[in-house]
Structure formats: C-alpha cells, structure tokens
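Enquirer: PDB, C-alpha atoms and all ligand atoms, saved as my_file_37.pdb, coming up:
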ATOM      1  CA  MET A   1      14.996 -18.894 -13.062  1.00  0.00           C
ATOM      2  CA  ASN A   2      11.792 -16.915 -12.449  1.00  0.00           C
ATOM      3  CA  LEU A   3      11.712 -14.744  -9.337  1.00  0.00           C
ATOM      4  CA  ILE A   4       9.568 -12.146  -7.612  1.00  0.00           C
ATOM      5  CA  ILE A   5      11.127  -9.720  -5.162  1.00  0.00           C
ATOM      6  CA  PHE A   6       8.958  -8.014  -2.539  1.00  0.00           C
ATOM      7  CA  GLY A   7       9.757  -5.338  -0.023  1.00  0.00           C
ATOM      8  CA  ALA A   8       8.540  -1.952   1.129  1.00  0.00           C
ATOM      9  CA  PRO A   9       9.817   1.095  -0.739  1.00  0.00           C
ATOM     10  CA  GLY A  10      13.508   1.414   0.141  1.00  0.00           C
ATOM     11  CA  ALA A  11      13.943  -2.252   1.051  1.00  0.00           C
ATOM     12  CA  GLY A  12      16.517  -2.729  -1.707  1.00  0.00           C
ATOM     13  CA  LYS A  13      14.520  -4.529  -4.376  1.00  0.00           C
ATOM     14  CA  GLY A  14      16.133  -2.657  -7.249  1.00  0.00           C
ATOM     15  CA  THR A  15      19.674  -3.127  -5.925  1.00  0.00           C
ATOM     16  CA  GLN A  16      19.292  -6.859  -5.377  1.00  0.00           C
ATOM     17  CA  SER A  17      17.464  -7.296  -8.678  1.00  0.00           C
ATOM     18  CA  ALA A  18      20.396  -5.801 -10.577  1.00  0.00           C
ATOM     19  CA  LYS A  19      22.757  -8.296  -8.926  1.00  0.00           C
ATOM     20  CA  LEU A  20      20.446 -11.206  -9.719  1.00  0.00           C
ATOM     21  CA  VAL A  21      20.219 -10.122 -13.335  1.00  0.00           C
ATOM     22  CA  ASP A  22      24.013 -10.330 -13.594  1.00  0.00           C
ATOM     23  CA  GLN A  23      24.120 -13.637 -11.778  1.00  0.00           C
ATOM     24  CA  TYR A  24      21.403 -15.491 -13.664  1.00  0.00           C
ATOM     25  CA  GLY A  25      21.104 -13.604 -16.966  1.00  0.00           C
ATOM     26  CA  ILE A  26      17.428 -13.022 -16.318  1.00  0.00           C
ATOM     27  CA  LYS A  27      15.387  -9.974 -17.290  1.00  0.00           C
ATOM     28  CA  HIS A  28      14.647  -7.269 -14.731  1.00  0.00           C
ATOM     29  CA  ILE A  29      10.992  -6.307 -14.959  1.00  0.00           C
ATOM     30  CA  SER A  30      10.462  -3.277 -12.724  1.00  0.00           C
ATOM     31  CA  SER A  31       6.949  -1.891 -12.919  1.00  0.00           C
ATOM     32  CA  GLY A  32       8.144   1.388 -11.385  1.00  0.00           C
ATOM     33  CA  ASP A  33      10.834   1.763 -14.086  1.00  0.00           C
ATOM     34  CA  LEU A  34       8.318   0.893 -16.800  1.00  0.00           C
ATOM     35  CA  PHE A  35       6.019   3.638 -15.518  1.00  0.00           C
ATOM     36  CA  ARG A  36       8.837   6.171 -15.163  1.00  0.00           C
ATOM     37  CA  ASN A  37      10.025   5.469 -18.718  1.00  0.00           C
ATOM     38  CA  ALA A  38       6.491   5.844 -20.037  1.00  0.00           C
ATOM     39  CA  ILE A  39       6.167   9.143 -18.167  1.00  0.00           C
ATOM     40  CA  SER A  40       9.434  10.563 -19.482  1.00  0.00           C
ATOM     41  CA  ASN A  41       8.506   9.473 -23.024  1.00  0.00           C
ATOM     42  CA  LYS A  42       5.044  11.036 -22.564  1.00  0.00           C
ATOM     43  CA  THR A  43       3.253   7.965 -23.893  1.00  0.00           C
ATOM     44  CA  GLU A  44      -0.459   7.449 -23.288  1.00  0.00           C
ATOM     45  CA  LEU A  45       0.375   4.968 -20.526  1.00  0.00           C
ATOM     46  CA  GLY A  46       2.691   7.531 -18.950  1.00  0.00           C
ATOM     47  CA  LEU A  47       0.044  10.244 -18.999  1.00  0.00           C
ATOM     48  CA  ARG A  48      -2.444   7.919 -17.305  1.00  0.00           C
ATOM     49  CA  ALA A  49       0.030   6.811 -14.638  1.00  0.00           C
ATOM     50  CA  LYS A  50       1.757  10.085 -13.759  1.00  0.00           C
ATOM     51  CA  GLY A  51      -0.647  11.433 -11.127  1.00  0.00           C
ATOM     52  CA  PHE A  52      -0.629   8.151  -9.228  1.00  0.00           C
ATOM     53  CA  LEU A  53       3.163   8.040  -9.051  1.00  0.00           C
ATOM     54  CA  ASP A  54       3.415  11.696  -8.033  1.00  0.00           C
ATOM     55  CA  ARG A  55       1.071  11.067  -5.088  1.00  0.00           C
ATOM     56  CA  GLY A  56       2.565   7.699  -4.144  1.00  0.00           C
ATOM     57  CA  ASP A  57      -0.707   5.932  -4.928  1.00  0.00           C
ATOM     58  CA  LEU A  58      -0.965   2.617  -6.710  1.00  0.00           C
ATOM     59  CA  VAL A  59      -1.709   2.799 -10.421  1.00  0.00           C
ATOM     60  CA  PRO A  60      -5.038   1.014 -11.074  1.00  0.00           C
ATOM     61  CA  ASP A  61      -4.747  -2.751 -11.523  1.00  0.00           C
ATOM     62  CA  ASP A  62      -6.045  -2.938 -15.103  1.00  0.00           C
ATOM     63  CA  ILE A  63      -3.418  -0.477 -16.384  1.00  0.00           C
ATOM     64  CA  THR A  64      -0.596  -2.137 -14.459  1.00  0.00           C
ATOM     65  CA  ILE A  65      -1.547  -5.706 -15.317  1.00  0.00           C
ATOM     66  CA  GLY A  66      -1.806  -4.877 -19.024  1.00  0.00           C
ATOM     67  CA  MET A  67       1.635  -3.279 -19.032  1.00  0.00           C
ATOM     68  CA  VAL A  68       3.443  -6.148 -17.281  1.00  0.00           C
ATOM     69  CA  LYS A  69       1.567  -8.826 -19.211  1.00  0.00           C
ATOM     70  CA  GLU A  70       2.899  -7.432 -22.471  1.00  0.00           C
ATOM     71  CA  VAL A  71       6.491  -7.642 -21.227  1.00  0.00           C
ATOM     72  CA  LEU A  72       6.056 -11.195 -19.907  1.00  0.00           C
ATOM     73  CA  GLN A  73       4.539 -12.369 -23.152  1.00  0.00           C
ATOM     74  CA  GLY A  74       7.489 -10.996 -25.106  1.00  0.00           C
ATOM     75  CA  LEU A  75      10.175 -12.757 -23.053  1.00  0.00           C
ATOM     76  CA  GLY A  76      10.757 -15.840 -25.153  1.00  0.00           C
ATOM     77  CA  SER A  77      12.828 -18.364 -23.243  1.00  0.00           C
ATOM     78  CA  GLN A  78      14.501 -15.874 -20.880  1.00  0.00           C
ATOM     79  CA  GLY A  79      13.821 -16.024 -17.125  1.00  0.00           C
ATOM     80  CA  PHE A  80      12.832 -12.930 -15.151  1.00  0.00           C
ATOM     81  CA  ILE A  81      12.780 -11.114 -11.867  1.00  0.00           C
ATOM     82  CA  LEU A  82       9.637  -9.131 -11.123  1.00  0.00           C
ATOM     83  CA  ASP A  83      10.303  -6.045  -9.004  1.00  0.00           C
ATOM     84  CA  GLY A  84       7.304  -3.978  -7.904  1.00  0.00           C
ATOM     85  CA  PHE A  85       4.739  -6.327  -9.398  1.00  0.00           C
ATOM     86  CA  PRO A  86       2.439  -7.821  -8.179  1.00  0.00           C
ATOM     87  CA  ARG A  87       1.429  -5.242  -5.583  1.00  0.00           C
ATOM     88  CA  THR A  88      -2.162  -6.344  -4.946  1.00  0.00           C
ATOM     89  CA  VAL A  89      -3.922  -9.694  -4.659  1.00  0.00           C
ATOM     90  CA  LYS A  90      -5.729  -8.961  -7.930  1.00  0.00           C
ATOM     91  CA  GLN A  91      -2.375  -8.454  -9.676  1.00  0.00           C
ATOM     92  CA  ALA A  92      -1.036 -11.690  -8.176  1.00  0.00           C
ATOM     93  CA  GLU A  93      -4.035 -13.612  -9.479  1.00  0.00           C
ATOM     94  CA  ALA A  94      -3.658 -12.098 -12.937  1.00  0.00           C
ATOM     95  CA  LEU A  95       0.044 -12.943 -12.873  1.00  0.00           C
ATOM     96  CA  GLN A  96      -0.674 -16.629 -12.181  1.00  0.00           C
ATOM     97  CA  ILE A  97      -2.884 -16.788 -15.244  1.00  0.00           C
ATOM     98  CA  VAL A  98      -0.368 -15.075 -17.536  1.00  0.00           C
ATOM     99  CA  LEU A  99       2.518 -17.236 -16.317  1.00  0.00           C
ATOM    100  CA  GLU A 100       0.505 -20.380 -16.852  1.00  0.00           C
ATOM    101  CA  SER A 101      -0.246 -19.336 -20.418  1.00  0.00           C
ATOM    102  CA  VAL A 102       3.467 -18.843 -21.165  1.00  0.00           C
ATOM    103  CA  SER A 103       4.553 -21.906 -19.099  1.00  0.00           C
ATOM    104  CA  LYS A 104       6.850 -19.932 -16.794  1.00  0.00           C
ATOM    105  CA  PRO A 105       6.189 -20.893 -13.193  1.00  0.00           C
ATOM    106  CA  ILE A 106       7.585 -18.801 -10.329  1.00  0.00           C
ATOM    107  CA  ASP A 107      10.530 -20.460  -8.574  1.00  0.00           C
ATOM    108  CA  LEU A 108      10.703 -18.187  -5.554  1.00  0.00           C
ATOM    109  CA  ALA A 109       9.042 -15.126  -4.002  1.00  0.00           C
ATOM    110  CA  LEU A 110      11.644 -13.221  -1.961  1.00  0.00           C
ATOM    111  CA  PHE A 111      10.461 -10.906   0.812  1.00  0.00           C
ATOM    112  CA  LEU A 112      13.012  -8.317   1.914  1.00  0.00           C
ATOM    113  CA  ILE A 113      12.303  -7.321   5.501  1.00  0.00           C
ATOM    114  CA  VAL A 114      13.508  -3.895   6.648  1.00  0.00           C
ATOM    115  CA  ASP A 115      12.637  -1.844   9.696  1.00  0.00           C
ATOM    116  CA  HIS A 116      10.455   1.244   9.152  1.00  0.00           C
ATOM    117  CA  LYS A 117      13.067   3.728  10.421  1.00  0.00           C
ATOM    118  CA  VAL A 118      15.729   2.330   8.122  1.00  0.00           C
ATOM    119  CA  LEU A 119      13.361   2.561   5.160  1.00  0.00           C
ATOM    120  CA  LEU A 120      12.676   6.227   5.839  1.00  0.00           C
ATOM    121  CA  SER A 121      16.331   7.212   6.037  1.00  0.00           C
ATOM    122  CA  ARG A 122      17.175   5.224   2.914  1.00  0.00           C
ATOM    123  CA  LEU A 123      14.438   6.883   0.879  1.00  0.00           C
ATOM    124  CA  VAL A 124      15.023  10.432   2.044  1.00  0.00           C
ATOM    125  CA  GLY A 125      18.742  10.182   1.165  1.00  0.00           C
ATOM    126  CA  ARG A 126      18.336   8.150  -2.006  1.00  0.00           C
ATOM    127  CA  ARG A 127      19.560   9.580  -5.315  1.00  0.00           C
ATOM    128  CA  VAL A 128      19.246   7.750  -8.615  1.00  0.00           C
ATOM    129  CA  CYS A 129      21.020   8.157 -11.920  1.00  0.00           C
ATOM    130  CA  SER A 130      18.701   9.798 -14.436  1.00  0.00           C
ATOM    131  CA  LYS A 131      20.170   7.676 -17.208  1.00  0.00           C
ATOM    132  CA  CYS A 132      21.295   4.218 -16.042  1.00  0.00           C
ATOM    133  CA  GLY A 133      19.224   3.920 -12.856  1.00  0.00           C
ATOM    134  CA  ALA A 134      22.197   3.299 -10.525  1.00  0.00           C
ATOM    135  CA  VAL A 135      21.215   3.982  -6.908  1.00  0.00           C
ATOM    136  CA  TYR A 136      23.200   6.090  -4.403  1.00  0.00           C
ATOM    137  CA  HIS A 137      22.667   7.450  -0.899  1.00  0.00           C
ATOM    138  CA  ILE A 138      23.916  10.863   0.182  1.00  0.00           C
ATOM    139  CA  ASP A 139      25.387   9.469   3.437  1.00  0.00           C
ATOM    140  CA  SER A 140      25.915   5.735   3.143  1.00  0.00           C
ATOM    141  CA  LYS A 141      26.771   5.405  -0.557  1.00  0.00           C
ATOM    142  CA  PRO A 142      27.711   8.791  -1.990  1.00  0.00           C
ATOM    143  CA  PRO A 143      28.940   9.083  -5.583  1.00  0.00           C
ATOM    144  CA  LYS A 144      32.586  10.090  -6.074  1.00  0.00           C
ATOM    145  CA  VAL A 145      31.513  13.467  -7.447  1.00  0.00           C
ATOM    146  CA  SER A 146      28.448  14.940  -5.777  1.00  0.00           C
ATOM    147  CA  GLY A 147      25.371  14.726  -8.001  1.00  0.00           C
ATOM    148  CA  VAL A 148      27.089  12.722 -10.751  1.00  0.00           C
ATOM    149  CA  CYS A 149      26.772   8.999 -11.535  1.00  0.00           C
ATOM    150  CA  ASP A 150      30.035   7.034 -11.038  1.00  0.00           C
ATOM    151  CA  LEU A 151      29.067   4.623 -13.779  1.00  0.00           C
ATOM    152  CA  CYS A 152      27.910   6.829 -16.637  1.00  0.00           C
ATOM    153  CA  GLY A 153      28.544  10.461 -15.627  1.00  0.00           C
ATOM    154  CA  SER A 154      24.885  11.485 -15.873  1.00  0.00           C
ATOM    155  CA  PRO A 155      23.181  13.705 -13.298  1.00  0.00           C
ATOM    156  CA  LEU A 156      21.666  12.096 -10.207  1.00  0.00           C
ATOM    157  CA  VAL A 157      18.090  12.965  -9.284  1.00  0.00           C
ATOM    158  CA  HIS A 158      15.987  12.850  -6.140  1.00  0.00           C
ATOM    159  CA  ARG A 159      12.885  10.952  -7.269  1.00  0.00           C
ATOM    160  CA  PRO A 160       9.824  13.167  -6.802  1.00  0.00           C
ATOM    161  CA  ASP A 161       8.136  10.342  -4.892  1.00  0.00           C
ATOM    162  CA  ASP A 162      11.150  10.107  -2.533  1.00  0.00           C
ATOM    163  CA  GLN A 163      10.120  13.447  -0.980  1.00  0.00           C
ATOM    164  CA  GLU A 164       9.119  12.963   2.641  1.00  0.00           C
ATOM    165  CA  SER A 165       5.479  13.949   2.091  1.00  0.00           C
ATOM    166  CA  VAL A 166       4.968  11.174  -0.489  1.00  0.00           C
ATOM    167  CA  ILE A 167       7.055   8.489   1.217  1.00  0.00           C
ATOM    168  CA  ALA A 168       4.578   8.046   4.066  1.00  0.00           C
ATOM    169  CA  ASN A 169       1.792   7.341   1.605  1.00  0.00           C
ATOM    170  CA  ARG A 170       3.873   4.790  -0.307  1.00  0.00           C
ATOM    171  CA  LEU A 171       4.745   2.947   2.912  1.00  0.00           C
ATOM    172  CA  GLU A 172       1.079   2.902   3.916  1.00  0.00           C
ATOM    173  CA  LYS A 173       0.014   1.565   0.554  1.00  0.00           C
ATOM    174  CA  TYR A 174       2.614  -1.172   0.856  1.00  0.00           C
ATOM    175  CA  GLN A 175       1.265  -2.269   4.241  1.00  0.00           C
ATOM    176  CA  GLU A 176      -2.333  -2.175   3.103  1.00  0.00           C
ATOM    177  CA  PHE A 177      -2.165  -3.781  -0.330  1.00  0.00           C
ATOM    178  CA  THR A 178       1.159  -5.555  -0.803  1.00  0.00           C
ATOM    179  CA  ALA A 179       2.107  -7.003   2.583  1.00  0.00           C
ATOM    180  CA  PRO A 180      -0.903  -9.387   2.377  1.00  0.00           C
ATOM    181  CA  LEU A 181       0.758 -11.056  -0.606  1.00  0.00           C
ATOM    182  CA  ARG A 182       3.048 -12.741   1.867  1.00  0.00           C
ATOM    183  CA  SER A 183       0.322 -15.187   2.819  1.00  0.00           C
ATOM    184  CA  TYR A 184      -0.689 -15.548  -0.835  1.00  0.00           C
ATOM    185  CA  TYR A 185       2.808 -16.849  -1.694  1.00  0.00           C
ATOM    186  CA  ASP A 186       3.057 -18.776   1.573  1.00  0.00           C
ATOM    187  CA  ASN A 187       0.045 -20.731   0.407  1.00  0.00           C
ATOM    188  CA  LEU A 188       1.799 -21.514  -2.857  1.00  0.00           C
ATOM    189  CA  ASN A 189       4.874 -22.601  -0.875  1.00  0.00           C
ATOM    190  CA  LEU A 190       7.021 -20.095  -2.711  1.00  0.00           C
ATOM    191  CA  SER A 191       7.870 -17.429  -0.170  1.00  0.00           C
ATOM    192  CA  VAL A 192      11.148 -16.924   1.655  1.00  0.00           C
ATOM    193  CA  GLU A 193      12.107 -14.112   3.994  1.00  0.00           C
ATOM    194  CA  VAL A 194      15.416 -12.257   3.811  1.00  0.00           C
ATOM    195  CA  ARG A 195      16.547  -9.602   6.261  1.00  0.00           C
ATOM    196  CA  GLY A 196      17.295  -6.584   4.105  1.00  0.00           C
ATOM    197  CA  ASP A 197      18.783  -4.291   6.762  1.00  0.00           C
ATOM    198  CA  ARG A 198      22.304  -5.583   6.272  1.00  0.00           C
ATOM    199  CA  GLU A 199      25.141  -4.892   3.865  1.00  0.00           C
ATOM    200  CA  GLU A 200      24.096  -5.294   0.242  1.00  0.00           C
ATOM    201  CA  LYS A 201      26.617  -8.043  -0.316  1.00  0.00           C
ATOM    202  CA  LEU A 202      25.406 -10.143   2.625  1.00  0.00           C
ATOM    203  CA  VAL A 203      21.802  -9.798   1.554  1.00  0.00           C
ATOM    204  CA  PHE A 204      22.778 -10.926  -1.932  1.00  0.00           C
ATOM    205  CA  GLU A 205      24.705 -13.949  -0.661  1.00  0.00           C
ATOM    206  CA  GLU A 206      21.709 -15.092   1.297  1.00  0.00           C
ATOM    207  CA  ILE A 207      19.438 -14.672  -1.710  1.00  0.00           C
ATOM    208  CA  LEU A 208      21.847 -16.738  -3.797  1.00  0.00           C
ATOM    209  CA  ARG A 209      21.788 -19.507  -1.236  1.00  0.00           C
ATOM    210  CA  LEU A 210      18.013 -19.501  -1.135  1.00  0.00           C
ATOM    211  CA  SER A 211      17.531 -19.374  -4.893  1.00  0.00           C
ATOM    212  CA  GLY A 212      20.178 -21.996  -5.589  1.00  0.00           C
ATOM    213  CA  LYS A 213      18.280 -24.663  -3.703  1.00  0.00           C
ATOM    214  CA  ASP A 214      15.835 -25.912  -6.297  1.00  0.00           C
TER     215      ASP A 214
HETATM  216  P1  LIG B   1       9.055   1.635  -4.612  1.00  0.00           P
HETATM  217  O1  LIG B   1       8.916   0.152  -4.527  1.00  0.00           O
HETATM  218  O2  LIG B   1      10.368   2.132  -4.103  1.00  0.00           O
HETATM  219  O3  LIG B   1       7.879   2.372  -4.050  1.00  0.00           O
HETATM  220  P2  LIG B   1       8.676   1.581  -7.520  1.00  0.00           P
HETATM  221  O4  LIG B   1       9.651   2.214  -8.424  1.00  0.00           O
HETATM  222  O5  LIG B   1       8.543   0.111  -7.509  1.00  0.00           O
HETATM  223  O6  LIG B   1       9.074   2.143  -6.094  1.00  0.00           O
HETATM  224  O7  LIG B   1       7.215   2.197  -7.790  1.00  0.00           O
HETATM  225  C1  LIG B   1       6.987   3.576  -7.894  1.00  0.00           C
HETATM  226  C2  LIG B   1       5.497   3.868  -8.100  1.00  0.00           C
HETATM  227  O8  LIG B   1       5.025   3.258  -9.326  1.00  0.00           O
HETATM  228  C3  LIG B   1       4.547   3.345  -7.031  1.00  0.00           C
HETATM  229  O9  LIG B   1       4.464   4.205  -5.919  1.00  0.00           O
HETATM  230  C4  LIG B   1       3.225   3.281  -7.829  1.00  0.00           C
HETATM  231  O10 LIG B   1       2.658   4.565  -7.997  1.00  0.00           O
HETATM  232  C5  LIG B   1       3.678   2.808  -9.192  1.00  0.00           C
HETATM  233  N1  LIG B   1       3.659   1.327  -9.301  1.00  0.00           N
HETATM  234  C6  LIG B   1       4.736   0.534  -9.511  1.00  0.00           C
HETATM  235  N2  LIG B   1       4.374  -0.755  -9.567  1.00  0.00           N
HETATM  236  C7  LIG B   1       3.029  -0.793  -9.376  1.00  0.00           C
HETATM  237  C8  LIG B   1       2.065  -1.832  -9.310  1.00  0.00           C
HETATM  238  N3  LIG B   1       2.410  -3.126  -9.446  1.00  0.00           N
HETATM  239  N4  LIG B   1       0.771  -1.505  -9.112  1.00  0.00           N
HETATM  240  C9  LIG B   1       0.398  -0.214  -8.978  1.00  0.00           C
HETATM  241  N5  LIG B   1       1.256   0.816  -9.023  1.00  0.00           N
HETATM  242  C10 LIG B   1       2.563   0.546  -9.218  1.00  0.00           C
HETATM  243 ZN    ZN B   2      24.393   6.324 -14.460  1.00  0.00          ZN
END
Write the structure described by the file as structure tokens, please.
Expert:
Amino acid sequence: MNLIIFGAPGAGKGTQSAKLVDQYGIKHISSGDLFRNAISNKTELGLRAKGFLDRGDLVPDDITIGMVKEVLQGLGSQGFILDGFPRTVKQAEALQIVLESVSKPIDLALFLIVDHKVLLSRLVGRRVCSKCGAVYHIDSKPPKVSGVCDLCGSPLVHRPDDQESVIANRLEKYQEFTAPLRSYYDNLNLSVEVRGDREEKLVFEEILRLSGKD
C-alpha cells in the first residue's frame, strides 16, 4: 500500500498517518519530521532548512526532493505513506519519476478537508511530544499530566512554527502551492476527499474504507 496524505497544517495528517502505519505496516515518511530531526541533529541539511521552517516558508524544492528521494530509494519492499510531501507541482513531478524507478506506484492520494477556523484553533493549542512525536491539544486532547507525554513521559513542546504569527504564513503557502495538487492527482485518478473536521476515529474509518477498495 502506497499512500499520500494531503491537508493544510492542522488537518490531521500526522495523526491519521500514525494510524495507517499501524494498520498496514507501511513506513511513515513525514518531510516535516525529517527536517525537524535534521535540525535537532544540526546536520548540514538541518542548517539549510532551519530558517524556512522558522518562518513557515517552504524549503526549496531541490533540497526537499533530494531528502525524500533518498528515503524512498531505501525502502526495499515496504509500502509507505507520504505526509507533507509533495507540496508543490515540481515535487509531485519529481515524485512520479522516483516512484517509477523503484516500481512503487501510488494507490491513493487522500485530501483531508478542514475549515480554516478549525485549523487555527487546532494549531494554536497543539502540543507535541519532544521525543515520540505524539500529538496533544491543550483543550480537546490534553495529556493526563500537563506538559508531559502520556506515552513516554517526555516533555511536550509548542512547535515554534505553531505560534500564531507563523501559522498564517503556513496556511497561505498551503493554499498557494499545495492546494493545486488536488487537480494534479485528480488527473491521475488517484485523489479522494475526506472530511477531517470530525472525530479522529471516524476520519480513520472512512480512510480505511476508501483505501481498502483497490
Ligand atoms: P504542517 O503540515 O503542519 O505545516 P509539517 O511538519 O509537514 O507541518 O512541515 C513543517 C515545515 O517543514 C513546513 O512549514 C516547511 O517549512 C517544511 N516542509 C515540510 N515538507 C516540505 C516540503 N515538501 N516542501 C517544502 N518544505 C517542506
Ligand atoms: Zn512521547
């Protein structure tokens, strides 16, 4: 099973990806996580990407494509879910070429649709585990102990790009560069729409139904 999950920041891509990984035993390839790991490990890639993430801008295509390509080429026979990539038409075109070379066609491109207001409140209240990446929300999904991950006990952090000043820019960039990929995957007959403004479990059940079809 090879999937792509699309959605504006806060749409729930990471949450649904984690569930799909458990369900299908596929690999979660999150470009945002790859960048954040590179930044915290202070690698050359991390140093190049940091300013873009801090501002909520897209990292240039050549850097991003190179990074994801390496992961895809190292997958062996395992399937994958791409989360956060592709984000531009150029990235989508590069992805087609890489996937052809490793004979791993996309089965489905999921588009999570969430209202702007809901996105804002999700992002402003979002807290993530600094170690395992588990996602919480201060109002709708608080951890048992404030500021501490239920799963691994590590501190929760407010992502620097989840500050209100940066969120607006990320949402704009999504509209400008990534939303057009909907028609790109429509043309390949791969896209399906899922309403993401419902309970996590319901969203997941619908995704399972849609991805189980082929
Ligand atoms: P979200 O989808 O919630 O905005 P991500 O964790 O997917 O968050 O991405 C965080 C940041 O990483 C983006 O704002 C951008 O700076 C960078 N990034 C991630 N994926 C890409 C990509 N495919 N192309 C360019 N920049 C990217
Ligand atoms: Zn944790």
Enquirer: For Leu210 (chain A), which residue out of A:Leu108, A:Gln96, A:Ser130, A:Pro9 is the nearest one, using only C-alpha atoms?
Expert: A:Leu108
Enquirer: Ranking A:Gly66, A:Gly196, A:Gly153, A:Gly74 by minimum distance to Ile5 (chain A) and counting all atoms listed in the file, which one comes first?
Expert: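 With all atoms listed in the file as the atom set, the closest residue is A:Gly196.
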Enquirer: Since I can't run it myself right now, could you work out what the PyMOL selection byres (((not hetatm)) within 6 of (chain B and resi 1)) selects here and report it as a count of residues only?
Expert: 18
Enquirer: Within 12 Å of Lys50 (chain A), counting only C-alpha atoms, which residues qualify if same-chain residues fewer than 5 places away don't, as a PyMOL selection string?
Expert: chain A and resi 32+34-45+55-60+160-161
Enquirer: Can you check which parts of chain A lie within 9 Å of ligand ZN 2 (chain B)? Per residue, the shortest pair of atoms and distance in Å to one decimal, counting only C-alpha atoms and all ligand atoms, sorted by chain and number, as CSV.
Expert:
residue,atom,partner,partner_atom,distance
A:Val128,CA,B:ZN2,ZN,7.9
A:Cys129,CA,B:ZN2,ZN,4.6
A:Ser130,CA,B:ZN2,ZN,6.7
A:Lys131,CA,B:ZN2,ZN,5.2
A:Cys132,CA,B:ZN2,ZN,4.1
A:Gly133,CA,B:ZN2,ZN,5.9
A:Ala134,CA,B:ZN2,ZN,5.4
A:Val135,CA,B:ZN2,ZN,8.5
A:Val148,CA,B:ZN2,ZN,7.9
A:Cys149,CA,B:ZN2,ZN,4.6
A:Asp150,CA,B:ZN2,ZN,6.6
A:Leu151,CA,B:ZN2,ZN,5.0
A:Cys152,CA,B:ZN2,ZN,4.2
A:Gly153,CA,B:ZN2,ZN,6.0
A:Ser154,CA,B:ZN2,ZN,5.4
A:Pro155,CA,B:ZN2,ZN,7.6
A:Leu156,CA,B:ZN2,ZN,7.7
Enquirer: When you draw a straight line from CA of Phe80 (chain A) to CA of Ile26 (chain A), how long is it in Å?
Expert: 4.7 Å
Enquirer: May I ask for the distance between CA of Val114 (chain A) and CA of Arg198 (chain A), given in Å to one decimal place?
Expert: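 For CA of Val114 (chain A) relative to CA of Arg198 (chain A), the distance reads 9.0 Å.
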Enquirer: Using the chain letters and numbers from the file, which residues does the PyMOL selection byres (((chain A and resi 104) around 10) and not hetatm) grab, as a list in words?
Expert: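 Applied to this file, the PyMOL selection byres (((chain A and resi 104) around 10) and not hetatm) returns Met1, Asn2, Leu72, Ser77, Gln78, Gly79, Phe80, Gln96, Val98, Leu99, Glu100, Ser101, Val102, Ser103, Pro105, Ile106 and Asp107 of chain A.
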